[in-house]
Every structure is written in C-alpha cells, then in structure tokens.
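**Q** The structure is given below, and queries will be raised subsequently.
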Amino acid sequence: MDPEQVDEFVMGYLKKKGFNSAAKHLQESLHNNNGSSFSSIDYPNDPELTKLIRSFSQSENDPSRYREGYSKLRSWGYNSLDLYKHELLRVMYPVFIHCYMDLVGKGHTQEARSFFNSFRKDHEMVHLRDLQKLGGVLAPSHLQEMEFARSLRQSKINIKICQYSYDLLIQYLHRTESTLMLGIINEHINFQVYSGQPNSASDDIEAVTIVGSFHEIADHVNQKEIHWGLLEDSLEDRLEKTGGLLSDSEKGQGESKAGDDSKKRSAEIGKQGSSTKKLKKDKAGAATTKVARQETSTVLSSMPRVKPELAMPVMSTDVEESILEDLRNRVQLSSVAMPSVSFYTFVNTHNGLNSSSISHDGSLVAGGFSDSSIKVWDMARIGQAGSCALQDENNQTVGVNGRRNYTLLVGHSGPVYSATFSPPGDYVLSSSADTTIRLWSTKLNANLVCYKGHNHTVWDAQFSPFGHYFASCSHDRTARIWSMDRMQPLRMMAGHLSDVDCVQWHPNCNYIATGSSDKTVRLWDVQTGECVRIFIGHRSMVLSLAMSPDGRYMASGDEDGTIMMWDLSTARCITPLMGHNSCVWTLSYSGEGSLLASGSADCTVKLWDVSSSTKLTKAEEKNGNSNRLRSIRTFPTKSTPVHALRFSRRNLLFAAGAVSKHSS
Amino acid sequence: MGIVPKETIEVTAQSIGITNLSPEAALMLAPDVEYRVREIMQEAIKCMRHSKRTTLTASDVDGALNLRNLEPSYGFASGGPFRFRKAIGHQDLFYTDDREVDFKDVIEAPLPKAPLNTEVVCHWLAIEGVQPAIPENAPLEVIRAPAENKIYEQKDVPLIDVRLPVKHVLSRELQLYFQKIAELTMSKSSPALFKKALVSLASDSGLHPLVPYFTNFIADEVSRGLNDFLLLFNLMHVVRSLLQNPHIHIEPYLHQLMPSIVTCLVSRKLGNRFADNHWELRDFTANLVGLICKRFGNAYITLQSRLTKTLVNALLDPKKALTQHYGAIQGLSALGHNVVRVLILSNLEPYLTLLEPELDAEKQKNQMKSYEAWRVYGALLRAAGLCIHDRLKIFPNLPSPSPSFLHKGKGKIISAEPRKRKLSADSSENQSPHKRLMITTDGLRPEDHTGPAPMHVDKPMGNYNPPQNSVQPSSSEQASDGNESESRNGKEKERGKGRSITMKAILGQIWKDDLDSGRLLVKLHQLYGDRILPFSPSTEMSVFL
C-alpha cells in the first residue's frame with residue numbers, strides 16, 4: 001500500500017470525525033515533508049493496521065453494515081463446533097440488542113425495525129419479555145427514557161466463556177474484519193474467560209438474564225453476612241424446651257402446672273415432665289411418629305439462634321397459649337403424610353376480586369375488591385350455620401332478604417390489591433391503588449389507621465410474623481417498613497429497577513424479601529435498610545414469595561409458572577420447580593418446612609417435597625449438580641385459579657380462589 | 001414500519017380537528033405513539049397480574065392510565081373482556097361492536113336482576129392428600145393416579161416435571177380405544193373384529209374412565225337407531241361385555257343404561273326389515289336384564305320393582321303390539337320364577353283369552369300377526385313351564401325319574417316343532433304320528449285328541465288334567481323309550497311336511513296341560529302338599545322348550 005494512500009485514509013477519517021484542526025496539521029506536515037517523513041514508521045508494512053485504517057474510513061453511518069455484520073456473525077456462530085456453540089451463541093443476544101439500540105440511537109428507525117424483526121426469533125425463547133420491551137424503543141429519546149434500555153447501554157454484560165471459545169470468537173472477528181461487531185463486543189461485553197471445557201448449556205442460569213450492571217452489584221451485595229437463624233426465645237423454641245413430644249396426658253399435666261406459674265417456670269416443669277415421661281416411653285417402645293418428631297425437633301434446635309434487631313411486641317398470654325396449643329397439635333407432614341386441603345371458593349365476584357387471604361387459623365377469609373371494598377367472612381360461623389340443616393334453610397332465606405354473610409369494610413378509594421391478617425387475626429391490613437395502607441380491626445369492623453407515604457399504588461402489605469410491624473411495597477419501586485403506632489414509615493428500601501410486586505418477612509423478623517417486575521428478588525435488612533441479597537434467575541415478574549420456617553430457604557414464584565428455591569446464605573438457586581404453566585399467585589411452607597404448596601392461575605394446587613432437597617443439598621454441593629425437586633401431588637380445582645394458600649399452625653392447608661366462569 | 005402506521009396518525013389528527021398536520025410530523029409521531037401505547041400496556045399488564053387475572057380488561061388499562069396520571073378511557077368499563085369483530089372485507093381490521101340503542105327501549109326495559117352477592121363456599125379439595133370425589137372437585141382420573149405413583153417409586157432420582165393432565169381426563173389411548181369400539185359397533189362390517197372387541201371390553205382392566213362415555217354412546221345410539229337391528233344388537237353386546245368386565249364398576253351408570261336396555265326389550269319395532277330377527281334381540285336383552293337384576297338387585301331394591309312394573313304394564317296393555325308383549329314376557333321370565341309366578345301366571349287366564357283369536361289361523365288372516373301371536377304363546381309357555389319346573393325342584397325327592405324322561409322326549413318334539421312349523425306349510429299327515437304319540441304317552445286321555453278342532457284353550461279342559469297327569473307316572477320306562485324313538489320318527493316326518501294347524505292343536509293341548517298343571521300345581525301345592533309331586537314330569541319337559 002502506498003504511503004500516500006494511507007495518508008489519504010487518515011485524512012478522510014479525521015475529517016469525517018470532525019477533527020479538523022488535526023487534519024489541517026496533518027496536511028501541513030504532509031506538505032512540509034513532501035510525503036517522505038511518514039515512511040520512517042513502518043505502519044504501511046503492517047497489514048493488520050492498514051486494514052483497520054481502511055475499515056475506519058468506510059462510511060460509518062451505513063445502517064446496512066449492522067445487519068451484514070450481525071448476520072455474518074450469526075451464521076458463523078450457528079455453524080461453529082457443537083461443543084462451543086452454546087457459548088458462542090450466548091454472545092449473539094447482547095450483540096443483537098446493542099446493534100438494534102445503535103441503529104435506533106442513530107435514528108435509523110426503519111432499518112432498526114426490520115433488523116429487529118428479522119432476527120428476534122432467535123432470542124424469543126429465552127428473552128421474550130425483554131424483546132417485547134425493547135420492541136417499543138423506536139426513537140433515540142426512548143433509549144434515554146426507558147430504564148431497561150438505559151441500564152443496558154450503561155453497563156457491560158458478563159459472559160463466562162471458555163478459553164477456546166473466546167479464541168475462536170476473536171479469531172473470527174479479526175479474520176473477517178468485522179470491526180463493527182468487534183466494537184460492540186468490546187464495548188458491551190465483559191468476557192470472563194476460564195480454562196477448561198465449556199459448561200453445559202442449561203445450567204448457567206445467569207446467562208439468561210441480563211439486568212444491566214446487576215451482576216457486579218449483586219456479587220458484591222451477596223458477600224454480606226446474614227443471620228438466617230430463628231429468633232431466640234421464639235415460641236417454637238419454647239415449645240421444644242417444654243418438649244414438643246408431650247402426649248395428651250402430659251399436656252394436661254404441663255398445663256395444670258403452667259396455669260399458676262410463669263412462662264419460664266412452666267417450661268422447666270414441662271421439661272421435667274417430659275423427661276420423666278420419656279423414660280416411660282422408652283419402656284413402652286417409642287412410636288415412629290415420636291421418633292420423627294424428635295428428629296425434626298433436634299434439627300430445629302440445632303439451628304443457630306439470633307437476637308431480634310427490632311423491639312418485639314409483647315404477645316398476650318392468651319394468644320401465646322393458643323399458639324402453643326396449636327404447635328403441640330401440629331400434624332407432621334412429609335411426602336408420605338399429605339395435608340388436608342380446605343378450599344374457600346369465592347362465587348359471584350363479577351371479576352372484581354383482586355386479592356384474598358386467609359387468617360393463620362383459617363377461620364377468617366378476606367377479599368380485596370376492585371370496587372375499593374374489603375369483605376371479611378367468618379368461616380367458623382358460616383361453617384356452624386351450614387352444619388345444622390335447619391339453620392341452613394334459615395340462612396338461605398336470610399341471604400335472600402339481603403343480610404350479608406360477610407363484614408364489609410369500606411374506606412379505600414381505589415382497587416384494593418391486598419388484604420392480609422395479622423398473626424392473631426385481630427387486624428386486617430389492606431393496600432390500595434389510592435396509595436394508602438389501611439388498618440382495620442376485625443373485632444370493631446372499623447378502620448383504625450390510614451398510613452400514607454407511598455407515591456403510587458401499593459401492591460402488597462404484609463404483617464411481620466409477630467405482628468405490630470408491617471412491610472409494604474409499591475409501584476414507586478420502594479418497599480417500606482411501618483409499625484402500627486406510627487404514621488410515617490420506619491424504613492424505606494429503594495433499589496429495585498421496577499415495581500416491587502410482593503413482600504414477605506423472614507421468620508426472624510430481621511429481614512424482608514421483595515419480589516419485583518425487574519425479575520429479581522431482594523433481601524433487605526430491616527434494621528439498616530440495606531439490601532443484603534439479590535437473587536437473580538427469574539425470567540419474568542416475581543409474583544409470590546415464601547420463607548421456610550427455619551429461615552434458611554426462600555421460594556419465589558413468577559409469571560411463567562416457575563418456582564425458584566433459594567438458599568439465603570449463598571443467594572443461589574437450589575433448584576427451579578417447574579410444573580405450573582401459568583402465574584404462581586401464592587406459595588406457602590408447611591409448619592415444619594417439609595412441604596411447599598403453590599397455587600397458580602392454571603387452577604391447581606401443587607405440593608412439592610422440599611425436605612428431600614434440603615437434605616440432599618450437601619451431597620449435591622459436592623457433586624456440583626443442581627437437582628430438581630419433585631412435585632408430589634397436584635390437586636386440580638374445577639375452574640378456580642388459586643389466589644391464596646395458608647398452612648395453619650396445625651398444618652391444615654387452606655386455599656382460596658374466585659371461580660372463573662370462562663374456563664376454556 | 002411499526003405497528004402504528006402514519007395513516008393512523010393522520011386519521012386521528014383529522015378526527016380531532018387538526019387539518020394541517022405535515023406528513024413528516026405524522027411520521028415522527030407514529031413511533032412515539034407506539035412507544036407510549038406499549039408503555040401503557042406494560043403497566044396494564046401489571047395491574048392485571050395484581051388483580052389475579054390472566055385476561056386484560058378495560059379496567060386494567062384505566063389502572064395503567066391512572067398510574068401515569070392520565071385521564072382514564074371512558075365508556076369501556078363493561079367488566080368483561082372485549083369482543084372484537086372482524087371488519088368484512090379487511091383482513092386485519094377489527095372493531096368493537098357498538099350498537100345503537102334506542103333510548104326509549106332502555107328506559108322502558110324492566111330493571112335488570114340485582115347481581116348476586118359475593119359468597120364464599122367451602123369444600124375439601126383434598127383429605128390427607130386424596131381428593132374426595134365430590135361435585136366441587138374436578139373429576140378424578142382413576143386409572144392414571146396409581147400409575148404415576150409407580151413412576152415416582154421407580155425413579156427415585158429427581159424427576160423432571162411430569163405434567164398431569166387436568167382438563168383432558170381421558171388419555172389419548174383411551175380416546176382412540178373408545179373411537180375404535182364405537183366405530184366397530186356402528187360399522188357391522190367386520191363381525192370377527194367386533195367379537196374381539198367385545199372380548200377386550202369384557203376383560204380389559206383400565207377401561208373404567210370410558211364407562212360414562214360408553215353409557216352415553218349406547219343411550220344415544222339406541223334412541224337414534226331403533227330401525228337398525230344390527231346396531232341395536234351390537235349395542236346390547238357391548239352392554240353385556242361391560243357388565244361382564246370385572247374391572248368395571250358399572251353401578252353408578254346403570255340408571256343411564258337401563259332405559260336403553262328396556263327399549264331394546266319392549267320396543268314396538270326393532271329393526272325395519274322383515275328378516276331382522278328381533279326375537280333374538282329381545283331374548284338376548286331379556287337375558288341381560290336378568291343378569292343386571294341378579295347382580296344389582298340387592299344393592300338397588302327399587303331396580304327390580306321398577307323394571308317389573310314397566311314390563312307388566314307393557315304386557316297387560318292390550319293396545320300394545322304383540323312384539324312388545326313378547327319382550328315383556330321374556331323380560332319377566334328372565335327375572336326369575338317368582339316374578340313369573342306372581343305376575344304372569346296370575347294374569348295368564350285373561351291374557352290367553354285375549355291371545356286366542358290371534359292364534360286361530362282362521363280368525364287371524366294376517367300371517368305376520370299370527371306368527372307373532374305364536375311367538376308370544378311360546379314365550380308364555382316357556383315362562384310358565386320354567387316356573388313350574390322350578391317350583392317342583394323345591395321338592396327334592398321325585399318319586400319316579402322315569403316319567404320325567406318320558407316327558408322330556410315328548411317335550412323335545414313339541415318344543416322343536418312349533419318353531420319350525422311356523423314357516424312351513426300345513427300338512428294333515430303329521431297329525432297321525434302325533435296322535436299316536438300322544439295316545440301312547442298319555443294313554444288315558446283319548447278324549448283330548450278325539451276333538452279334531454285345533455284349538456282348545458278353554459279353561460274347563462284344564463280340569464281334566466289332574467287325573468290325567470296323575471295317571472302318567474304309571475307308564476313304564478319301556479314305554480317311554482318307545483315313545484322317544486317314535487317321537488323321533490315323528491319329528492323327522494314332520495320336518496318333511498310340517499303342518500301347523502295340527503301342531504297348533506297339539507301345542508295348544510300341551511300348552512294347556514302345561515299351563516293348567518302349572519296353575520294347578522300352585523293351587524294344588526297349597527292344597528295337597530306332597531301329592532303334587534306327580535306333576536313334576538310335565539314341568540321337567542318344559543325345561544327343554
């Protein structure tokens with residue numbers, strides 16, 4: 001190549017880029033030296049460099065180059081070696097979306113659209129929702145406006161790739177001189193090259209979600225320490241001390257003694273009682289259930305204990321007694337001992353039921369309606385009426401006369417998106433599109449407090465496991481912690497990139513988990529308000545959350561019907577639970593944490609055996625395999641999507657849903 | 001191009017009164033409009049999800065607009081999802097149906113019903129992991145459930161989602177099976193294959209989920225195919241096979257099956273061709289009825305009483321056709337001897353007087369009718385005979401076995417003859433051997449045969465029978481042997497030239513014997529106890545009818 005030619009190229013490039021003064025200087029110096037000085041540098045002899053220079057000189061604004069470059073890269077990727085193909089194809093998606101956004105950003109709307117449409121099929125399977133969002137981006141201004149697009153533009157995507165695949169890719173890019181693609185890859189992809197064989201295609205969950213700069217932050221955040229143990233001196237704790245194995249006679253004994261003594265002393269006495277009884281039991285030969293109980297109780301007691309970070313409310317002794325009673329009478333569930341499921345079906349809702357929930361003992365059912373009302377049914381009373389045949393008729397006539405079987409709570413001025421009970425069932429907490437949260441008393445049937453603070457629709461509000469405190473989450477992308485006696489929120493958790501759709505308390509009250517439309521679940525420290533965990537892996541909006549009773553695991557359900565089991569300490573997904581084919585509205589752990597129940601829009605309640613997984617995990621960790629938990633039972637309803645599930649303290653499963661007429 | 005073309009912008013601009021919109025502006029606006037629409041839809045979908053729905057409604061869009069602080073869209077709050085209609089002549093053009101309503105109509109229309117109040121009803125979705133079969137629950141799949149457990153047991157390793165069929169209760173295989181069986185039942189072209197199918201129906205386990213479909217199918221086809229004899233017969237075969245299958249629990253579906261079965265038994269017309277042997281179908285169905293009553297009579301006390309009521313009503317209604325009478329008699333006789341005794345024998349006398357003119361060849365010119373009458377007659381005979389035989393079986397010690405032999409032989413002839421004769425021409429020649437036969441056997445009753453008149457179904461005649469029968473046992477065994485050989489001869493001769501009239505006469509005679517002996521048997525039994533035993537032979541013979 002002639003040095004003059006090179007000079008021309010350089011000149012053209014500088015001019016095009018607007019470096020006019022530099023171009024002038026170059027020209028001047030060229031004139032001065034009469035084209036001799038530059039030859040001292042041997043760049044003309046370096047073919048790589050000349051190619052590079054030449055490519056720069058091409059008109060950069062030509063939109064067809066994107067299509068050309070991408071389709072070449074794509075066909076190369078698809079024709080590559082099978083072993084490395086999936087890793088190379090993983091590169092395609094970021095290149096694709098950035099090509100598209102480049103085109104949009106340069107104002108080539110038409111070309112961007114046709115480019116997008118011709119290649120979107122490749123990525124629809126995995127990234128459908130992202131593509132739907134991006135499909136709407138049609139003007140440069142949208143790129144700035146849209147959170148998702150902005151975060152994509154600003155951040156680099158981490159891709160794990162093995163050494164050989166990386167070499168292959170770079171070689172290809174250099175060989176074909178596709179500098180455009182090379183530029184995009186350099187700008188937006190951060191390769192994490194590792195030596196050895198490529199990973200198998202399926203197990204890399206992180207590969208499928210691109211959430212901007214999340215991964216780095218998430219990795220950083222997830223290093224923090226969390227204490228997932230149960231609270232010290234919790235009721236379960238006490239129950240174990242008193243001996244969960246009390247038989248009926250023992251219970252009588254324990255209670256008669258407990259009656260006049262203080263709590264702690266009763267615990268001690270109970271312990272003594274149980275130990276003496278144990279001796280008797282040994283003589284008689286222990287029953288298998290007892291053994292099972294002992295096992296679980298030892299497991300529970302071996303768990304670490306943590307101190308509460310919040311001042312815990314004092315529970316009345318009556319409530320405490322009843323809870324202890326329930327815990328004692330709890331049925332042990334496992335994959336062989338299934339729970340009974342009582343289903344509350346809402347009829348004649350006229351499509352207006354937005355949410356429903358069941359009190360902890362299953363006696364109260366609340367529904368939040370789109371007409372701003374909340375209705376509370378006392379199922380214990382209805383059940384009594386139903387049990388007597390004579391009264392039943394009366395009841396019906398009464399119903400015709402217009403007397404309602406439910407308590408109507410009116411106060412909100414927008415659709416009510418959640419209505420939940422406090423643990424003893426004496427309060428109802430509701431959240432609405434009118435940005436307020438209201439507290440109602442089920443005893444007085446009246447509104448007590450209206451909490452204002454959110455700027456947008458409040459999607460969900462949940463009481464803490466001990467009452468008094470509650471958490472809410474909203475369209476304004478924040479979650480907030482409140483206490484019943486303050487008008488202002490105590491904490492505000494900001495960090496989600498989209499709506500916060502659901503919130504759930506950790507059993508030890510020190511953390512809350514939030515699920516969001518940004519497809520992540522976050523865990524927040526209640527005391528400091530900091531995000532301590534980010535769980536990445538869902539492919540669509542997270543709709544439901546549940547915490548295991550031992551505080552170690554969390555389950556989250558999404559719009560696609562996938563349920564993910566997370567280990568809180570490592571922030572890793574233990575396993576995705578596949579089986580539902582529509583939105584998972586609700587999740588609930590059984591009392592001892594061996595079963596997980598899920599309710600979905602596909603009109604089924606599924607039970608999952610999660611105890612085996614948690615046992616297996618240690619072995620799994622060694623193997624480095626992710627195992628899949630199994631669904632042990634599916635209960636189809638006739639045509640009722642399941643909106644709410646609740647394991648009572650005695651391990652009876654309550655479910656609720658509104659019957660949907662058009663079930664086609 | 002985006003979803004929103006610039007023409008839409010132009011049209012919208014015109015509709016709101018902007019006439020001077022430049023094309024460039026429209027072109028610029030179009031993508032932005034699309035972006036905003038998508039944005040709103042994204043929010044609307046969030047609202048939909050939080051309302052726990054999977055169908056987007058206008059209220060969701062209003063909610064989304066509200067989230068963006070925009071004015072909601074008015075006039076669409078219908079509650080339900082929209083019904084879009086396709087514009088005729090355009091491929092991708094849809095509109096919502098917005099009819100013009102006369103204001104007067106709206107005002108004058110009666111108030112709509114108040115919407116029902118929201119209620120909560122409670123039921124058990126599962127009890128200790130098992131779904132109870134109550135109407136509130138989705139129908140269970142009986143067969144699949146254990147199979148699944150098996151799979152899980154076999155593979156203890158982590159399983160990958162086995163998706164349970166929820167809406168489609170029937171597996172593909174069962175559907176195919178049902179289709180095939182239905183096809184075979186309808187087609188009638190391959191009897192061999194159909195037979196195999198019947199065997200499969202009668203023995204295969206795992207057909208239970210199909211039972212409701214089969215009962216439905218049978219009921220439908222019977223009501224539709226009354227003219228199709230073969231189809232009806234096939235259907236009854238299917239019923240029989242279903243009843244035979246030990247793995248099928250058919251009880252809950254009996255009430256659906258019974259009407260079709262009874263139809264096949266006592267319908268006026270089964271099949272439309274002369275050649276259709278509907279008698280056979282009725283006999284077969286009667287058997288079925290008997291089988292059902294035997295098996296389920298105990299569990300359903302009303303089953304038999306309802307059935308007999310229907311049948312007796314059919315029998316005693318003189319307006320009903322003879323074919324129906326025949327079916328009713330066969331059905332009743334299949335239900336057991338007590339039924340026959342109580343319901344047929346007690347009505348026998350008046351019935352026979354009704355039947356008599358039909359039986360008389362001279363009075364009843366219609367061959368078909370008389371044939372039918374004979375059929376009915378034969379059925380009655382059989383029913384009564386069987387009944388008496390059964391009655392007599394109660395008494396364990398028959399004094400003499402020989403008479404029974406004797407009458408067996410006689411019975412064979414008589415039973416064989418009437419059927420053959422029906423189609424054959426009359427011949428007077430036959431009379432003699434038979435006369436002889438009768439004389440030799442019933443040596444002491446010449447008076448019966450002296451009357452050349454073919455029909456003597458008179459009641460008084462019966463009165464002679466007791467003495468006659470009481471004499472019968474006295475005849476020796478040799479005589480009976482002789483009779484048998486003779487009777488065989490007679491039979492062969494008859495085959496050559498069957499003669500109905502004489503045979504009718506004989507038949508009538510025998511019938512009367514039989515009938516009267518039966519009636520008397522009942523009466524006599526009450527009166528004389530053991531002395532009735534001598535009559536047993538005459539009934540034994542009827543077994544072979």
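Just so we're on the same page: first chain in the structure tokens is A, next is B, and so on; residues restart at 1 for each chain, and ligands are numbered from 1 in the order they show up.
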Counting only C-alpha atoms, what are the residues of chain B within 6 Å of chain A, and for each of them which pair of atoms is the nearest and at what distance in Å, to one decimal? Sort the table by chain and rising number, as CSV.

**A**
```
residue,atom,partner,partner_atom,distance
B:Pro31,CA,A:Leu138,CA,5.7
B:Tyr35,CA,A:Gly136,CA,4.9
B:Ser51,CA,A:Asn354,CA,4.0
B:Lys52,CA,A:Asn354,CA,5.8
B:Thr118,CA,A:Asn348,CA,4.8
B:Glu119,CA,A:Val347,CA,5.4
B:Val120,CA,A:Phe346,CA,4.5
B:Val121,CA,A:Thr345,CA,5.2
B:Cys122,CA,A:Tyr344,CA,4.5
B:His123,CA,A:Phe343,CA,5.3
B:Trp124,CA,A:Ser342,CA,4.6
B:Leu125,CA,A:Val341,CA,5.2
B:Ala126,CA,A:Val341,CA,4.8
B:Ile127,CA,A:Ser340,CA,4.2
B:Glu128,CA,A:Ser340,CA,4.4
B:Gly129,CA,A:Met338,CA,4.5
B:Asn137,CA,A:Lys638,CA,5.6
B:Ala138,CA,A:Lys638,CA,4.3
B:Pro158,CA,A:Arg628,CA,5.6
B:Leu159,CA,A:Arg630,CA,5.9
B:Asp161,CA,A:Gly579,CA,5.5
```

**Q** Using only C-alpha atoms, determine which residues lie at most 7 Å from region 194-197 of chain A, disregarding the query and same-chain residues fewer than 2 positions distant; provide the list as a list in words.

**A** Ile161, Cys162, Gln163, Gln192 and Asn199 of chain A

**Q** Take the residues from that selection and put them in a file with all heavy atoms, as a PDB file, in the first residue's frame.

**A**
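Below is the file that was written, out_28.pdb:
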```pdb
ATOM      1  N   ILE A 161     -17.058 -17.604  29.444  1.00  0.00           N
ATOM      2  CA  ILE A 161     -16.766 -18.283  28.191  1.00  0.00           C
ATOM      3  C   ILE A 161     -15.451 -19.018  28.367  1.00  0.00           C
ATOM      4  O   ILE A 161     -14.554 -18.549  29.068  1.00  0.00           O
ATOM      5  CB  ILE A 161     -16.729 -17.246  27.047  1.00  0.00           C
ATOM      6  CG1 ILE A 161     -16.746 -17.909  25.692  1.00  0.00           C
ATOM      7  CG2 ILE A 161     -15.553 -16.310  27.186  1.00  0.00           C
ATOM      8  CD1 ILE A 161     -17.052 -16.929  24.569  1.00  0.00           C
ATOM      9  N   CYS A 162     -15.346 -20.159  27.778  1.00  0.00           N
ATOM     10  CA  CYS A 162     -14.104 -20.911  27.964  1.00  0.00           C
ATOM     11  C   CYS A 162     -13.039 -20.388  27.013  1.00  0.00           C
ATOM     12  O   CYS A 162     -13.345 -19.718  26.013  1.00  0.00           O
ATOM     13  CB  CYS A 162     -14.341 -22.401  27.803  1.00  0.00           C
ATOM     14  SG  CYS A 162     -14.432 -22.934  26.122  1.00  0.00           S
ATOM     15  N   GLN A 163     -11.808 -20.686  27.305  1.00  0.00           N
ATOM     16  CA  GLN A 163     -10.677 -20.109  26.591  1.00  0.00           C
ATOM     17  C   GLN A 163     -10.792 -20.331  25.094  1.00  0.00           C
ATOM     18  O   GLN A 163     -10.631 -19.416  24.296  1.00  0.00           O
ATOM     19  CB  GLN A 163      -9.383 -20.733  27.125  1.00  0.00           C
ATOM     20  CG  GLN A 163      -8.107 -20.153  26.528  1.00  0.00           C
ATOM     21  CD  GLN A 163      -7.939 -18.681  26.892  1.00  0.00           C
ATOM     22  OE1 GLN A 163      -8.040 -18.318  28.053  1.00  0.00           O
ATOM     23  NE2 GLN A 163      -7.708 -17.841  25.913  1.00  0.00           N
ATOM     24  N   GLN A 192     -15.533 -13.270  30.829  1.00  0.00           N
ATOM     25  CA  GLN A 192     -14.819 -13.911  31.932  1.00  0.00           C
ATOM     26  C   GLN A 192     -14.323 -15.249  31.411  1.00  0.00           C
ATOM     27  O   GLN A 192     -15.072 -16.221  31.356  1.00  0.00           O
ATOM     28  CB  GLN A 192     -15.756 -14.111  33.112  1.00  0.00           C
ATOM     29  CG  GLN A 192     -16.214 -12.794  33.687  1.00  0.00           C
ATOM     30  CD  GLN A 192     -17.267 -12.965  34.748  1.00  0.00           C
ATOM     31  OE1 GLN A 192     -17.933 -13.989  34.817  1.00  0.00           O
ATOM     32  NE2 GLN A 192     -17.402 -11.976  35.594  1.00  0.00           N
ATOM     33  N   ASN A 199     -18.926 -25.044  29.806  1.00  0.00           N
ATOM     34  CA  ASN A 199     -20.028 -25.502  30.655  1.00  0.00           C
ATOM     35  C   ASN A 199     -21.152 -26.051  29.800  1.00  0.00           C
ATOM     36  O   ASN A 199     -21.296 -25.688  28.640  1.00  0.00           O
ATOM     37  CB  ASN A 199     -20.579 -24.340  31.477  1.00  0.00           C
ATOM     38  CG  ASN A 199     -19.754 -24.107  32.714  1.00  0.00           C
ATOM     39  OD1 ASN A 199     -19.042 -25.012  33.149  1.00  0.00           O
ATOM     40  ND2 ASN A 199     -19.822 -22.910  33.240  1.00  0.00           N
TER      41      ASN A 199
END
```

**Q** Rounded to one decimal, what separation in Å do you get between CA of Ser334 (chain A) and CA of Ser594 (chain A)?

**A** 5.9 Å

**Q** Could you tell me how far CA of Gln324 (chain B) sits from CA of Gly225 (chain B), in Å to one decimal place?

**A**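 Result for CA of Gly225 (chain B) versus CA of Gln324 (chain B): 17.6 Å, one decimal.
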
**Q** If I take CA of Pro259 (chain B) and CA of Thr310 (chain B), how far is one from the other in Å, to one decimal?

**A** 10.5 Å

**Q** Select from region 342-515 of chain A everything DSSP, run on the backbone, classes as strand (DSSP E), then give the selection as a ChimeraX atom specification.

**A** /A:342-347,353-358,364-369,373-378,406-410,416-421,427-432,436-441,446-452,458-463,469-474,478-483,491-494,500-505,511-515

**Q** Please determine, counting only C-alpha atoms, which residue among B:Ala202, B:Val33, B:Leu230, B:Val340 has the shortest atom-to-atom distance to Gln244 (chain B).

**A** B:Ala202

**Q** To test your reading of the structure, identify every residue in region 161-333 of chain B that backbone DSSP assigns to alpha helix (DSSP H), and report it as a PyMOL selection string.

**A** chain B and resi 172-187+191-203+211-224+229-244+254-266+278-296+301-316+322-333
